[in-house]
Amino acid sequence: MIISNWLIFVSKDTYSMFSKNKKTSKIDVEQHELLEHAHVRIKEKKRLYNHFIVFLVGSVFLVLINKILKYGEAYDWFIWAITFWAFLFVIHAINVLLSKNFMGLDWERKQREKLVEKQKQRIAEIQEEIETDFPMSNINQKKDSWEKLH
């Protein structure tokens, strides 16, 4: 019974692989954009977690160098190095966890729309300047007079 069900399953998959009527899932643009954004966010968080692990291992390594290997034994320099690294990690965490929420997809979309609108206004201004400086009627008259001469 299990083998016959498996054969039916395999034969259906084989048929769908080689048939002309393939069912393709269509993802609309908004869904695709959301999936890409989710993928980017996952990568950012993964990098943050990796940074945290490297920070922990590196901190232990710095303490070992200073205390066990007695490099710069007279001064506890590892405290400053770890503090600086922790500061960088906190900036990284704020960037990934907080600022991305405030400046997410909606913010990017609004900024893009503002820039496009500014560009359209600037293009319209330039076209007006061109039309006032070089009216089409004068260009057509010059063209007609040029054609008459030749």
# chains A, B, ... in the order shown; residues from 1 in each chain; ligands from 1
call {"tool": "residues_around", "arguments": {"residues": "segment 33-48 of chain A", "least_positions_apart": "6", "cutoff": "10 Å", "atoms": "only C-alpha atoms", "output": "list of chain:residue names"}}
result
A:Ile27, A:Val54, A:Phe89, A:Val90, A:His92, A:Ala93, A:Asn95, A:Val96, A:Leu97, A:Lys100, A:Gly104, A:Leu105
call {"tool": "residues_around", "arguments": {"residues": "segment 78-80 of chain A", "least_positions_apart": "6", "cutoff": "12 Å", "atoms": "only C-alpha atoms", "output": "list in words"}}
result
Gly58, Ser59, Val60, Phe61, Leu62, Val63, Leu64, Ile65, Asn66, Lys67, Lys70, Tyr71, Gly72, Ala86 and Phe87 of chain A
call {"tool": "write_last_selection", "arguments": {"atoms": "N, CA and C atoms", "output": "compact mmCIF listing (two decimals), in the first residue's frame"}}
result
# COMPACT_ATOMS: atom_id res chain seq x y z
N GLY A 58 36.30 37.92 21.26
CA GLY A 58 37.40 38.88 21.19
C GLY A 58 37.69 39.50 22.55
N SER A 59 36.66 39.76 23.34
CA SER A 59 36.87 40.34 24.67
C SER A 59 37.63 39.37 25.56
N VAL A 60 37.24 38.12 25.52
CA VAL A 60 37.95 37.11 26.31
C VAL A 60 39.40 37.02 25.84
N PHE A 61 39.61 37.06 24.54
CA PHE A 61 40.94 37.00 23.97
C PHE A 61 41.79 38.19 24.43
N LEU A 62 41.22 39.38 24.45
CA LEU A 62 41.96 40.56 24.90
C LEU A 62 42.33 40.46 26.37
N VAL A 63 41.41 39.95 27.20
CA VAL A 63 41.71 39.77 28.63
C VAL A 63 42.84 38.75 28.79
N LEU A 64 42.77 37.66 28.03
CA LEU A 64 43.82 36.64 28.11
C LEU A 64 45.19 37.20 27.70
N ILE A 65 45.20 38.00 26.65
CA ILE A 65 46.47 38.59 26.22
C ILE A 65 47.05 39.47 27.31
N ASN A 66 46.19 40.28 27.93
CA ASN A 66 46.68 41.23 28.93
C ASN A 66 47.04 40.55 30.24
N LYS A 67 46.23 39.62 30.71
CA LYS A 67 46.44 39.04 32.05
C LYS A 67 47.28 37.76 32.03
N LYS A 70 50.56 38.42 29.84
CA LYS A 70 51.21 39.56 30.49
C LYS A 70 51.73 40.59 29.48
N TYR A 71 50.96 40.80 28.39
CA TYR A 71 51.30 41.85 27.42
C TYR A 71 50.72 43.16 27.93
N GLY A 72 51.56 44.13 28.21
CA GLY A 72 51.11 45.39 28.79
C GLY A 72 50.56 45.19 30.18
N ALA A 86 32.49 47.63 22.66
CA ALA A 86 31.10 47.59 23.13
C ALA A 86 30.33 48.79 22.61
N PHE A 87 30.97 49.95 22.58
CA PHE A 87 30.33 51.14 22.04
C PHE A 87 29.98 50.93 20.57
call {"tool": "atom_distance", "arguments": {"atom1": "atom CA of Phe84 of chain A", "atom2": "atom CA of Leu56 of chain A"}}
result
13.2 Å
